[in-house]
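**Q** Contents of work13.pdb (PDB, C-alpha atoms):
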ATOM      1  CA  MET A   1     231.164-246.890-143.199
ATOM      2  CA  ARG A   2     231.022-250.305-141.449
ATOM      3  CA  ALA A   3     228.010-251.600-143.410
ATOM      4  CA  PRO A   4     229.509-250.792-146.871
ATOM      5  CA  LEU A   5     232.820-252.328-145.870
ATOM      6  CA  ALA A   6     231.003-255.420-144.674
ATOM      7  CA  ALA A   7     229.181-255.673-147.991
ATOM      8  CA  ILE A   8     232.437-255.473-149.935
ATOM      9  CA  ALA A   9     234.031-258.012-147.623
ATOM     10  CA  ALA A  10     231.089-260.353-148.208
ATOM     11  CA  LEU A  11     231.549-260.097-151.965
ATOM     12  CA  THR A  12     235.244-260.810-151.570
ATOM     13  CA  LEU A  13     234.584-263.877-149.392
ATOM     14  CA  ALA A  14     231.966-265.123-151.822
ATOM     15  CA  ALA A  15     234.468-264.956-154.662
ATOM     16  CA  ALA A  16     237.059-266.765-152.578
ATOM     17  CA  ALA A  17     234.534-269.474-151.575
ATOM     18  CA  CYS A  18     233.911-270.187-155.229
ATOM     19  CA  GLY A  19     237.587-270.845-155.757
ATOM     20  CA  ALA A  20     238.140-267.641-157.689
ATOM     21  CA  ALA A  21     241.545-266.797-159.118
ATOM     22  CA  THR A  22     243.821-264.197-157.615
ATOM     23  CA  PRO A  23     242.206-260.753-158.059
ATOM     24  CA  SER A  24     243.703-258.464-160.649
ATOM     25  CA  LYS A  25     246.215-255.786-159.676
ATOM     26  CA  GLU A  26     243.562-253.169-160.489
ATOM     27  CA  LEU A  27     241.115-254.726-158.021
ATOM     28  CA  VAL A  28     243.740-254.974-155.278
ATOM     29  CA  ASN A  29     244.630-251.294-155.785
ATOM     30  CA  ALA A  30     240.958-250.313-155.782
ATOM     31  CA  ARG A  31     240.330-252.106-152.486
ATOM     32  CA  GLN A  32     243.304-250.374-150.878
ATOM     33  CA  ALA A  33     242.285-246.955-152.230
ATOM     34  CA  TYR A  34     238.696-247.356-151.049
ATOM     35  CA  ASN A  35     239.801-248.536-147.622
ATOM     36  CA  ALA A  36     242.010-245.437-147.316
ATOM     37  CA  ALA A  37     239.239-243.135-148.516
ATOM     38  CA  SER A  38     236.673-244.595-146.114
ATOM     39  CA  GLN A  39     238.985-243.811-143.197
ATOM     40  CA  SER A  40     240.073-240.376-144.425
ATOM     41  CA  ARG A  41     238.562-236.913-144.077
ATOM     42  CA  ALA A  42     236.476-237.714-147.138
ATOM     43  CA  ALA A  43     234.232-239.976-145.026
ATOM     44  CA  GLU A  44     233.130-236.915-143.051
ATOM     45  CA  TYR A  45     233.454-234.064-145.519
ATOM     46  CA  THR A  46     232.648-235.620-148.915
ATOM     47  CA  PRO A  47     230.671-238.811-148.208
ATOM     48  CA  ALA A  48     228.957-238.698-151.618
ATOM     49  CA  SER A  49     232.314-239.106-153.338
ATOM     50  CA  VAL A  50     233.180-242.046-151.088
ATOM     51  CA  LEU A  51     229.816-243.603-151.913
ATOM     52  CA  SER A  52     230.549-243.263-155.630
ATOM     53  CA  ALA A  53     233.858-245.066-155.166
ATOM     54  CA  ARG A  54     232.164-247.801-153.133
ATOM     55  CA  GLN A  55     229.558-248.405-155.821
ATOM     56  CA  ALA A  56     232.238-248.785-158.482
ATOM     57  CA  LEU A  57     234.189-251.154-156.233
ATOM     58  CA  GLU A  58     231.098-253.280-155.519
ATOM     59  CA  ARG A  59     230.522-253.613-159.261
ATOM     60  CA  ALA A  60     234.160-254.650-159.731
ATOM     61  CA  GLU A  61     233.786-257.248-156.963
ATOM     62  CA  ARG A  62     230.707-258.702-158.658
ATOM     63  CA  GLU A  63     232.552-258.924-161.951
ATOM     64  CA  TYR A  64     235.415-260.624-160.142
ATOM     65  CA  ALA A  65     233.059-263.138-158.574
ATOM     66  CA  ASP A  66     231.426-263.900-161.933
ATOM     67  CA  ASP A  67     234.432-263.769-164.247
ATOM     68  CA  PRO A  68     237.803-263.333-162.485
ATOM     69  CA  GLY A  69     240.375-261.348-164.418
ATOM     70  CA  SER A  70     237.890-260.086-166.988
ATOM     71  CA  ALA A  71     238.195-256.728-168.683
ATOM     72  CA  GLU A  72     235.045-255.594-166.867
ATOM     73  CA  GLU A  73     236.589-256.422-163.482
ATOM     74  CA  ARG A  74     239.739-254.440-164.240
ATOM     75  CA  SER A  75     237.801-251.552-165.756
ATOM     76  CA  TYR A  76     235.417-251.103-162.815
ATOM     77  CA  ALA A  77     238.305-251.569-160.386
ATOM     78  CA  TYR A  78     240.257-248.806-162.123
ATOM     79  CA  VAL A  79     237.236-246.509-161.910
ATOM     80  CA  ALA A  80     236.807-247.344-158.220
ATOM     81  CA  GLN A  81     240.448-246.557-157.478
ATOM     82  CA  ARG A  82     240.321-243.201-159.240
ATOM     83  CA  ARG A  83     237.051-242.265-157.512
ATOM     84  CA  ALA A  84     238.511-243.173-154.131
ATOM     85  CA  GLU A  85     241.635-241.080-154.779
ATOM     86  CA  LEU A  86     239.485-238.180-155.957
ATOM     87  CA  ALA A  87     237.285-238.507-152.866
ATOM     88  CA  MET A  88     240.351-238.135-150.632
ATOM     89  CA  LYS A  89     241.488-235.013-152.495
ATOM     90  CA  GLU A  90     238.011-233.527-152.285
ATOM     91  CA  GLY A  91     237.837-234.423-148.604
ATOM     92  CA  ASP A  92     241.102-232.635-147.885
ATOM     93  CA  ALA A  93     239.937-229.577-149.827
ATOM     94  CA  ALA A  94     236.606-229.552-147.971
ATOM     95  CA  TYR A  95     238.444-229.842-144.665
ATOM     96  CA  GLU A  96     240.643-226.845-145.537
ATOM     97  CA  ARG A  97     237.577-224.823-146.490
ATOM     98  CA  ALA A  98     235.939-225.704-143.187
ATOM     99  CA  GLN A  99     239.083-224.656-141.328
ATOM    100  CA  ARG A 100     239.129-221.309-143.141
ATOM    101  CA  GLN A 101     235.462-220.768-142.374
ATOM    102  CA  ARG A 102     236.082-221.454-138.709
ATOM    103  CA  SER A 103     239.019-219.048-138.716
ATOM    104  CA  GLU A 104     236.944-216.368-140.413
ATOM    105  CA  ALA A 105     234.125-216.886-137.941
ATOM    106  CA  GLU A 106     236.570-216.554-135.040
ATOM    107  CA  TYR A 107     238.036-213.405-136.578
ATOM    108  CA  ALA A 108     234.547-211.907-136.957
ATOM    109  CA  ARG A 109     233.814-212.745-133.308
ATOM    110  CA  LEU A 110     236.988-211.023-132.159
ATOM    111  CA  GLN A 111     236.145-207.966-134.244
ATOM    112  CA  GLN A 112     232.729-207.786-132.639
ATOM    113  CA  GLU A 113     234.255-208.042-129.173
ATOM    114  CA  ALA A 114     236.587-205.177-130.035
ATOM    115  CA  GLY A 115     233.531-202.922-129.998
ATOM    116  CA  GLU A 116     234.475-199.282-130.144
ATOM    117  CA  ARG A 117     238.099-199.905-131.050
ATOM    118  CA  THR A 118     238.916-198.199-134.313
ATOM    119  CA  ARG A 119     240.307-200.031-137.294
ATOM    120  CA  ALA A 120     243.582-198.177-136.919
ATOM    121  CA  GLU A 121     243.941-199.347-133.322
ATOM    122  CA  LEU A 122     243.203-202.938-134.264
ATOM    123  CA  GLU A 123     245.746-202.938-137.076
ATOM    124  CA  ALA A 124     248.316-201.300-134.820
ATOM    125  CA  SER A 125     247.869-204.060-132.220
ATOM    126  CA  GLN A 126     248.473-206.736-134.852
ATOM    127  CA  LYS A 127     251.427-205.105-136.617
ATOM    128  CA  ARG A 128     254.927-205.951-135.438
ATOM    129  CA  ILE A 129     257.785-203.621-136.241
ATOM    130  CA  LEU A 130     260.658-205.711-137.498
ATOM    131  CA  THR A 131     264.178-204.715-136.640
ATOM    132  CA  LEU A 132     266.719-204.557-139.421
ATOM    133  CA  GLU A 133     268.414-207.673-138.056
ATOM    134  CA  GLU A 134     265.140-209.617-138.224
ATOM    135  CA  GLN A 135     264.652-208.525-141.813
ATOM    136  CA  LYS A 136     268.052-209.703-143.024
ATOM    137  CA  ALA A 137     267.158-213.390-143.082
ATOM    138  CA  GLU A 138     264.085-212.633-145.174
ATOM    139  CA  LEU A 139     266.038-210.326-147.471
ATOM    140  CA  GLU A 140     268.569-213.067-148.208
ATOM    141  CA  ALA A 141     265.782-215.085-149.818
ATOM    142  CA  LEU A 142     265.337-212.303-152.389
ATOM    143  CA  GLY A 143     268.939-211.524-153.371
ATOM    144  CA  ARG A 144     272.470-210.866-152.152
ATOM    145  CA  VAL A 145     272.696-208.957-148.863
ATOM    146  CA  LYS A 146     275.727-207.090-147.572
ATOM    147  CA  GLU A 147     276.635-204.357-145.117
ATOM    148  CA  ASP A 148     278.615-201.293-146.144
ATOM    149  CA  MET A 149     278.933-197.655-145.119
ATOM    150  CA  ARG A 150     275.537-196.884-146.651
ATOM    151  CA  GLY A 151     273.660-199.458-144.552
ATOM    152  CA  THR A 152     272.189-202.853-145.381
ATOM    153  CA  VAL A 153     272.234-203.427-149.147
ATOM    154  CA  LEU A 154     270.020-205.877-151.045
ATOM    155  CA  THR A 155     271.264-206.505-154.604
ATOM    156  CA  LEU A 156     268.759-207.670-157.229
ATOM    157  CA  SER A 157     269.958-208.873-160.619
ATOM    158  CA  GLY A 158     268.896-206.635-163.488
ATOM    159  CA  GLN A 159     268.312-209.742-165.604
ATOM    160  CA  VAL A 160     265.656-210.904-163.156
ATOM    161  CA  LEU A 161     263.924-207.520-163.007
ATOM    162  CA  PHE A 162     264.054-206.219-166.586
ATOM    163  CA  ALA A 163     264.293-207.271-170.212
ATOM    164  CA  THR A 164     267.410-206.201-172.116
ATOM    165  CA  GLY A 165     267.532-202.442-172.566
ATOM    166  CA  LYS A 166     264.087-201.965-170.963
ATOM    167  CA  SER A 167     262.816-200.439-167.739
ATOM    168  CA  ASP A 168     259.471-202.262-167.493
ATOM    169  CA  LEU A 169     259.407-204.811-164.691
ATOM    170  CA  LEU A 170     259.234-208.432-165.800
ATOM    171  CA  PRO A 171     256.268-210.422-164.441
ATOM    172  CA  ALA A 172     258.621-212.819-162.630
ATOM    173  CA  SER A 173     260.119-209.923-160.643
ATOM    174  CA  ARG A 174     256.828-208.827-159.119
ATOM    175  CA  GLU A 175     256.597-211.671-156.617
ATOM    176  CA  ALA A 176     259.991-210.832-155.113
ATOM    177  CA  LEU A 177     259.214-207.100-155.026
ATOM    178  CA  THR A 178     255.831-207.780-153.421
ATOM    179  CA  LYS A 179     257.573-209.704-150.631
ATOM    180  CA  LEU A 180     260.054-206.851-150.306
ATOM    181  CA  ALA A 181     257.188-204.363-149.952
ATOM    182  CA  GLU A 182     255.653-206.453-147.165
ATOM    183  CA  MET A 183     258.920-206.383-145.238
ATOM    184  CA  VAL A 184     259.415-202.675-145.837
ATOM    185  CA  ASN A 185     255.918-201.923-144.564
ATOM    186  CA  GLN A 186     256.774-203.703-141.307
ATOM    187  CA  GLY A 187     259.981-201.751-140.810
ATOM    188  CA  ASP A 188     260.936-198.154-140.116
ATOM    189  CA  ARG A 189     263.911-197.514-142.428
ATOM    190  CA  HIS A 190     264.282-195.249-145.422
ATOM    191  CA  LEU A 191     265.198-197.028-148.671
ATOM    192  CA  THR A 192     267.407-195.742-151.464
ATOM    193  CA  ILE A 193     266.867-197.602-154.742
ATOM    194  CA  GLU A 194     269.963-197.404-156.937
ATOM    195  CA  GLY A 195     269.955-198.493-160.581
ATOM    196  CA  TYR A 196     273.183-199.582-162.335
ATOM    197  CA  THR A 197     274.137-200.646-165.871
ATOM    198  CA  ASP A 198     277.241-202.059-167.495
ATOM    199  CA  SER A 199     279.572-199.841-169.539
ATOM    200  CA  ARG A 200     278.249-200.658-172.986
ATOM    201  CA  GLY A 201     276.476-197.837-174.776
ATOM    202  CA  SER A 202     276.778-194.146-174.130
ATOM    203  CA  SER A 203     277.153-192.723-170.653
ATOM    204  CA  GLY A 204     274.021-190.630-171.119
ATOM    205  CA  SER A 205     271.789-193.519-172.231
ATOM    206  CA  ASN A 206     273.085-195.698-169.417
ATOM    207  CA  GLN A 207     272.357-192.953-166.900
ATOM    208  CA  THR A 208     268.809-192.559-168.187
ATOM    209  CA  LEU A 209     268.139-196.305-168.252
ATOM    210  CA  SER A 210     269.459-196.812-164.717
ATOM    211  CA  MET A 211     267.243-194.014-163.413
ATOM    212  CA  GLU A 212     264.163-195.361-165.170
ATOM    213  CA  ARG A 213     264.781-198.797-163.685
ATOM    214  CA  ALA A 214     265.208-197.421-160.167
ATOM    215  CA  GLU A 215     261.989-195.444-160.581
ATOM    216  CA  ALA A 216     260.149-198.540-161.829
ATOM    217  CA  VAL A 217     261.094-200.431-158.663
ATOM    218  CA  ARG A 218     260.174-197.438-156.498
ATOM    219  CA  ASP A 219     256.792-196.992-158.188
ATOM    220  CA  PHE A 220     255.957-200.679-157.784
ATOM    221  CA  LEU A 221     256.726-200.541-154.058
ATOM    222  CA  VAL A 222     254.497-197.473-153.728
ATOM    223  CA  GLN A 223     251.709-199.393-155.461
ATOM    224  CA  GLN A 224     252.120-202.086-152.810
ATOM    225  CA  GLY A 225     251.506-199.562-150.040
ATOM    226  CA  VAL A 226     255.009-198.349-149.157
ATOM    227  CA  PRO A 227     254.860-194.610-148.349
ATOM    228  CA  GLN A 228     256.560-192.665-151.130
ATOM    229  CA  ASP A 229     258.476-190.479-148.695
ATOM    230  CA  ARG A 230     260.310-193.590-147.474
ATOM    231  CA  LEU A 231     261.763-194.216-150.940
ATOM    232  CA  THR A 232     264.439-192.477-152.985
ATOM    233  CA  ALA A 233     265.191-193.521-156.575
ATOM    234  CA  VAL A 234     268.720-192.878-157.874
ATOM    235  CA  GLY A 235     270.236-193.563-161.293
ATOM    236  CA  LYS A 236     273.917-194.518-161.060
ATOM    237  CA  GLY A 237     274.473-195.450-164.689
ATOM    238  CA  GLU A 238     277.691-197.335-165.320
ATOM    239  CA  GLU A 239     279.566-196.011-162.306
ATOM    240  CA  ALA A 240     280.627-198.215-159.376
ATOM    241  CA  PRO A 241     280.917-201.548-161.219
ATOM    242  CA  VAL A 242     281.209-204.610-159.000
ATOM    243  CA  ALA A 243     282.934-206.695-161.682
ATOM    244  CA  THR A 244     284.879-206.243-164.902
ATOM    245  CA  ASN A 245     282.978-205.050-167.954
ATOM    246  CA  ASP A 246     285.305-207.043-170.223
ATOM    247  CA  THR A 247     283.351-210.310-169.859
ATOM    248  CA  ALA A 248     279.696-211.249-170.279
ATOM    249  CA  GLU A 249     279.555-212.530-166.712
ATOM    250  CA  GLY A 250     281.048-209.340-165.318
ATOM    251  CA  ARG A 251     278.650-207.146-167.277
ATOM    252  CA  ALA A 252     275.714-209.249-166.044
ATOM    253  CA  ASN A 253     276.802-208.628-162.448
ATOM    254  CA  ASN A 254     277.057-204.894-163.092
ATOM    255  CA  ARG A 255     273.491-204.717-164.433
ATOM    256  CA  ARG A 256     271.706-204.570-161.100
ATOM    257  CA  VAL A 257     269.455-202.682-158.700
ATOM    258  CA  GLU A 258     270.597-202.118-155.134
ATOM    259  CA  ILE A 259     268.105-201.475-152.338
ATOM    260  CA  VAL A 260     269.860-199.631-149.520
ATOM    261  CA  PHE A 261     268.245-199.742-146.059
ATOM    262  CA  ALA A 262     269.306-196.731-144.017
ATOM    263  CA  LYS A 263     271.253-197.463-140.831
ATOM    264  CA  GLU A 264     268.982-195.365-138.646
ATOM    265  CA  PRO A 265     265.179-195.320-138.340
ATOM    266  CA  MET A 266     263.160-192.703-140.197
ATOM    267  CA  ALA A 267     263.042-189.198-138.779
ATOM    268  CA  PRO A 268     259.640-187.663-137.925
ATOM    269  CA  ALA A 269     257.467-186.919-140.956
ATOM    270  CA  ALA A 270     258.458-183.252-141.127
ATOM    271  CA  GLY A 271     262.117-184.156-141.369
ATOM    272  CA  ARG A 272     261.897-186.993-143.866
ATOM    273  CA  PRO A 273     263.974-186.582-147.008
ATOM    274  CA  PRO A 274     261.981-185.981-150.196
ATOM    275  CA  THR A 275     261.895-188.666-152.870
ATOM    276  CA  GLN A 276     264.539-188.012-155.505
ATOM    277  CA  THR A 277     263.080-187.726-158.991
ATOM    278  CA  THR A 278     266.088-186.675-161.055
ATOM    279  CA  PRO A 279     269.162-188.723-161.983
ATOM    280  CA  THR A 280     272.334-188.381-159.993
ATOM    281  CA  PRO A 281     274.906-186.624-162.202
ATOM    282  CA  SER A 282     277.754-188.843-163.315
ATOM    283  CA  PRO A 283     281.297-187.786-164.199
ATOM    284  CA  SER A 284     281.646-186.345-167.660
ATOM    285  CA  LYS A 285     282.773-188.929-170.198
ATOM    286  CA  PRO A 286     283.178-188.859-173.974
ATOM    287  CA  ALA A 287     280.003-189.945-175.691
ATOM    288  CA  LYS A 288     280.033-193.517-176.984
ATOM    289  CA  PRO A 289     278.216-194.641-180.146
ATOM    290  CA  GLU A 290     274.849-196.306-179.471
ATOM    291  CA  LYS A 291     274.806-200.110-179.898
ATOM    292  CA  HIS A 292     272.314-202.904-179.520
ATOM    293  CA  HIS A 293     273.470-204.668-176.378
ATOM    294  CA  GLN A 294     272.531-205.768-172.901
ATOM    295  CA  ARG A 295     272.546-203.081-170.228
TER     296      ARG A 295
END
Starting from the coordinates I provided, produce the structure as structure tokens.
**A**
Amino acid sequence: MRAPLAAIAALTLAAAACGAATPSKELVNARQAYNAASQSRAAEYTPASVLSARQALERAEREYADDPGSAEERSYAYVAQRRAELAMKEGDAAYERAQRQRSEAEYARLQQEAGERTRAELEASQKRILTLEEQKAELEALGRVKEDMRGTVLTLSGQVLFATGKSDLLPASREALTKLAEMVNQGDRHLTIEGYTDSRGSSGSNQTLSMERAEAVRDFLVQQGVPQDRLTAVGKGEEAPVATNDTAEGRANNRRVEIVFAKEPMAPAAGRPPTQTTPTPSPSKPAKPEKHHQR
């Protein structure tokens, strides 16, 4: 890039020799942007874009030499600046693509060297079994985490997971559950998925809704590759509130899903507990009239 820079410098000196006025702000910015682009990754990875910026800058310099401060000078300088900035972005993107290609080529080479090793053996050598303690820090990024007699409990807000009165997962919840599935697949614990509601509505409808929500979370985790026999879905209905149901805030806290990580690792396959598919019975309560409300 030395020759192009020299050409631009010559134009600049020529304008100065003629007693030209101070260059416009647009021209100053364009010079700085082009100088940065010519020394960036764009010079190597997207030279055509750098050339386009240089050509626009050279035109701006000529306009400056002929008619300092003119609209043409500022216009071409603005174009040169934007082209230089775009060249740098394109250069960075091209660099990242080249890095990925090199990584993929290296991965392919390692696969070839593996020879007769089976895919299962290769995956097993790359997979690290996370301990429950290692998982806790990652779980805390998804929701509230606590320890109780059941094990490690991750609490997810029902408002984040579901629309009011529904059991279909909201799109925004899928990212968090996908991350949860990745962690679960690296661990060795059984998970119990417990759905809860607030106390509004009838006991029976709350029980059904809580079970459907627990099953929705379970089914999504299965879709992400978590073995179904590592998951148990349980509907708790309105039992075991964590806050008062007399306030909106308390009811919001009670509408939740709790993911319980067992304290001990999974037993061998033959001894694993089956996935629960029916709601857990709740204490008998007088039926309440149905209402439109949040649950």
**Q** Work out how far apart CA of Gln55 (chain A) and CA of Gln32 (chain A) are and give it in Å to one decimal.
**A**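 Taking CA of Gln55 (chain A) and CA of Gln32 (chain A), their separation equals 14.7 Å.
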**Q** Evaluating the PyMOL selection byres ((chain A and resi 60) around 12) on the displayed file yields which residues, as a PDB file with C-alpha atoms, in the coordinates of the input?
**A**
ATOM      1  CA  ILE A   8     232.437-255.473-149.935  1.00  0.00           C
ATOM      2  CA  LEU A  11     231.549-260.097-151.965  1.00  0.00           C
ATOM      3  CA  THR A  12     235.244-260.810-151.570  1.00  0.00           C
ATOM      4  CA  ALA A  15     234.468-264.956-154.662  1.00  0.00           C
ATOM      5  CA  PRO A  23     242.206-260.753-158.059  1.00  0.00           C
ATOM      6  CA  SER A  24     243.703-258.464-160.649  1.00  0.00           C
ATOM      7  CA  GLU A  26     243.562-253.169-160.489  1.00  0.00           C
ATOM      8  CA  LEU A  27     241.115-254.726-158.021  1.00  0.00           C
ATOM      9  CA  VAL A  28     243.740-254.974-155.278  1.00  0.00           C
ATOM     10  CA  ASN A  29     244.630-251.294-155.785  1.00  0.00           C
ATOM     11  CA  ALA A  30     240.958-250.313-155.782  1.00  0.00           C
ATOM     12  CA  ARG A  31     240.330-252.106-152.486  1.00  0.00           C
ATOM     13  CA  ALA A  53     233.858-245.066-155.166  1.00  0.00           C
ATOM     14  CA  ARG A  54     232.164-247.801-153.133  1.00  0.00           C
ATOM     15  CA  GLN A  55     229.558-248.405-155.821  1.00  0.00           C
ATOM     16  CA  ALA A  56     232.238-248.785-158.482  1.00  0.00           C
ATOM     17  CA  LEU A  57     234.189-251.154-156.233  1.00  0.00           C
ATOM     18  CA  GLU A  58     231.098-253.280-155.519  1.00  0.00           C
ATOM     19  CA  ARG A  59     230.522-253.613-159.261  1.00  0.00           C
ATOM     20  CA  GLU A  61     233.786-257.248-156.963  1.00  0.00           C
ATOM     21  CA  ARG A  62     230.707-258.702-158.658  1.00  0.00           C
ATOM     22  CA  GLU A  63     232.552-258.924-161.951  1.00  0.00           C
ATOM     23  CA  TYR A  64     235.415-260.624-160.142  1.00  0.00           C
ATOM     24  CA  ALA A  65     233.059-263.138-158.574  1.00  0.00           C
ATOM     25  CA  ASP A  66     231.426-263.900-161.933  1.00  0.00           C
ATOM     26  CA  ASP A  67     234.432-263.769-164.247  1.00  0.00           C
ATOM     27  CA  PRO A  68     237.803-263.333-162.485  1.00  0.00           C
ATOM     28  CA  GLY A  69     240.375-261.348-164.418  1.00  0.00           C
ATOM     29  CA  SER A  70     237.890-260.086-166.988  1.00  0.00           C
ATOM     30  CA  ALA A  71     238.195-256.728-168.683  1.00  0.00           C
ATOM     31  CA  GLU A  72     235.045-255.594-166.867  1.00  0.00           C
ATOM     32  CA  GLU A  73     236.589-256.422-163.482  1.00  0.00           C
ATOM     33  CA  ARG A  74     239.739-254.440-164.240  1.00  0.00           C
ATOM     34  CA  SER A  75     237.801-251.552-165.756  1.00  0.00           C
ATOM     35  CA  TYR A  76     235.417-251.103-162.815  1.00  0.00           C
ATOM     36  CA  ALA A  77     238.305-251.569-160.386  1.00  0.00           C
ATOM     37  CA  TYR A  78     240.257-248.806-162.123  1.00  0.00           C
ATOM     38  CA  VAL A  79     237.236-246.509-161.910  1.00  0.00           C
ATOM     39  CA  ALA A  80     236.807-247.344-158.220  1.00  0.00           C
ATOM     40  CA  GLN A  81     240.448-246.557-157.478  1.00  0.00           C
TER      41      GLN A  81
END
**Q** If we count all atoms listed in the file and set the cut-off at 9 Å, which residues sit around Ser173 (chain A), ignoring sequence neighbours fewer than 3 positions away in its own chain? Please answer as a PyMOL selection string.
**A** chain A and resi 160-162+169-170+176-178
**Q** Do you have the CA of Ala42 (chain A)-CA of Ala87 (chain A) distance handy?
**A** 5.8 Å
**Q** Just to confirm, what's the straight-line distance from CA of Ser199 (chain A) to CA of Leu139 (chain A) in Å (one decimal)?
**A** 27.9 Å
**Q** For this file, the PyMOL selection byres ((chain A and resi 240) around 10) selects which residues, as JSON, numbers by chain?
**A** {"A": [196, 197, 198, 236, 237, 238, 239, 241, 242, 243, 254]}
**Q** Could you take the residues named above and write them with C-alpha atoms, as a PDB file, in the frame of the given file?
**A**
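File written: selection21.pdb
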ATOM      1  CA  TYR A 196     273.183-199.582-162.335  1.00  0.00           C
ATOM      2  CA  THR A 197     274.137-200.646-165.871  1.00  0.00           C
ATOM      3  CA  ASP A 198     277.241-202.059-167.495  1.00  0.00           C
ATOM      4  CA  LYS A 236     273.917-194.518-161.060  1.00  0.00           C
ATOM      5  CA  GLY A 237     274.473-195.450-164.689  1.00  0.00           C
ATOM      6  CA  GLU A 238     277.691-197.335-165.320  1.00  0.00           C
ATOM      7  CA  GLU A 239     279.566-196.011-162.306  1.00  0.00           C
ATOM      8  CA  PRO A 241     280.917-201.548-161.219  1.00  0.00           C
ATOM      9  CA  VAL A 242     281.209-204.610-159.000  1.00  0.00           C
ATOM     10  CA  ALA A 243     282.934-206.695-161.682  1.00  0.00           C
ATOM     11  CA  ASN A 254     277.057-204.894-163.092  1.00  0.00           C
TER      12      ASN A 254
END
**Q** Using all atoms listed in the file, which of A:Leu209, A:Ile193, A:Val222, A:Met183 sits nearest Gly165 (chain A)?
**A**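 Among the listed residues, A:Leu209 lies closest to Gly165 (chain A).
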